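For reference, the structure discussed in these notes is given below.
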Amino acid sequence: LVVKTLSTEEAAALRKLAPSFARHFHDQPASYINRFLGQFSMYLYGRTIHFVVLRSAFHLHGDVSPAVRYDLKGSWVNRTGKPGQSVLKDNDLRRDGLRRVRASLDDCEKIPIKLPAAQYAKLIARLEADTAFLRDLNLMDYSLLLGVFDSPPPAAAISGQPKGAEETVLQHGGGVMLLGVIDVLQAWTCEKVGERCLKTYVKGDKPQGISAAPAGEYQQRFMSFVAEVFAPDESPASARTRLLEAGKELLPGNLRSLLEIRPPTRGPER
């Protein structure tokens with residue numbers, strides 16, 4: 001579980017939008033958006049503190065922390081991880097590729113990260129549904145939290161999850177990646193308009209690279225960056241695997257479980 005403090009505005013937004021989130025999670029049980037488990041307030045030291053309890057984006061792995069984690073928005077102004085920070089950001093991924101060890105650049109894979117075509121299609125479809133939902137609520141400034149793990153989560157952790165949860169685990173390079181869309185309560189407000197104007201006209205930053213952007217523009221840039229980070233694997237070996245899997249789906253269930261594809265064995269040489 002994750003406990004996160006909320007501003008007064010975020011607390012009010014969550015109370016207002018809770019029914020909409022509940023409907024989205026019902027319609028999209030494999031949604032990548034972090035699940036809200038409860039919102040609370042307490043009066044302490046003369047002020048009211050609001051906080052929310054969330055399910056961790058990496059809950060399938062229990063208490064195991066990822067070897068590397070990224071916080072990705074699709075923007076590039078001030079989106080570089082600082083030395084000593086535990087989380088890498090957009091520019092780190094663009095520059096170095098996907099790290100498997102936080103402190104090492106020896107084992108990095110340049111983007112795009114190749115995924116099986118079927119897995120890629122489901123990833124894009126789910127993130128499109130999630131971000132379109134957030135766009136329609138005028139929400140922006142959310143992040144894609146990506147964690148790289150050395151091993152897959154326990155099968156028991158997946159068995160009790162909603163249908164399709166196992167498909168949110170991205171198998172890759174002997175390990176796995178787990179994703180979550182986090183920090184989803186920021187609306188496009190006058191304050192954010194002012195932030196964008198300040199960075200554009202005073203600091204001279206390019207507006208396309210600033211995180212603060214209208215909800216529709218933010219969603220488009222976010223999904224464009226996802227398409228920059230991931231790509232379908234169109235190699236011959238991947239195509240052969242897809243054909244074999246499609247063939248299995250056409251078989252009756254009792255035969256499908258018995259089907260095994262093995263390379264031909266050679267007899268003893270004479």
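Just remember, in the structure tokens the first chain shown is A, the second B, etc., residues are 1-based per chain, and ligands are 1-based in the order shown.
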Q) Got a sec: who's within 12 Å of Gln219 of chain A, counting only C-alpha atoms, leaving out chain neighbours fewer than 5 positions off, as JSON, numbers by chain? A) {"A": [73, 74, 75, 127, 128, 129, 130, 131, 132, 133, 134, 135, 136, 137, 138, 139, 140, 141, 142, 143, 144, 184, 188, 211, 212, 213, 214, 224, 225, 226]}
Q. Could you write out, as number ranges by chain, all the residues of segment 1-250 of chain A that DSSP marks as alpha helix (DSSP H)?
A. A: 8-27, 90-96, 117-136, 155-159, 190-197, 215-229, 236-249
(Q) Just want the 12 Å neighbourhood of Leu1 of chain A, counted on only C-alpha atoms, with same-chain residues fewer than 5 positions away dropped. Output as a ChimeraX atom specification. (A) /A:34-38,52-63
Put those residues in a file: C-alpha atoms, as an mmCIF file, in the first residue's frame.
data_model
loop_
_atom_site.group_PDB
_atom_site.id
_atom_site.type_symbol
_atom_site.label_atom_id
_atom_site.label_comp_id
_atom_site.auth_asym_id
_atom_site.auth_seq_id
_atom_site.Cartn_x
_atom_site.Cartn_y
_atom_site.Cartn_z
ATOM 1 C CA ASN A 34 -3.587 3.349 -9.424
ATOM 2 C CA ARG A 35 -6.559 2.179 -7.332
ATOM 3 C CA PHE A 36 -7.799 4.471 -4.556
ATOM 4 C CA LEU A 37 -8.585 2.425 -1.436
ATOM 5 C CA GLY A 38 -9.647 5.191 0.923
ATOM 6 C CA VAL A 52 -5.268 8.872 0.495
ATOM 7 C CA VAL A 53 -4.399 5.176 0.681
ATOM 8 C CA LEU A 54 -3.538 3.686 -2.711
ATOM 9 C CA ARG A 55 -2.664 0.270 -4.018
ATOM 10 C CA SER A 56 0.960 0.252 -5.123
ATOM 11 C CA ALA A 57 1.577 0.130 -8.868
ATOM 12 C CA PHE A 58 3.960 -2.741 -8.065
ATOM 13 C CA HIS A 59 1.565 -4.616 -5.766
ATOM 14 C CA LEU A 60 1.885 -7.865 -7.743
ATOM 15 C CA HIS A 61 5.483 -8.117 -6.518
ATOM 16 C CA GLY A 62 4.577 -7.651 -2.851
ATOM 17 C CA ASP A 63 7.389 -6.137 -0.802
#
Q: Tell me which of A:Ser235, A:Ser151, A:Ser41, A:Gln220 sits closest to Val176 of chain A, counting only C-alpha atoms.
A: A:Ser151
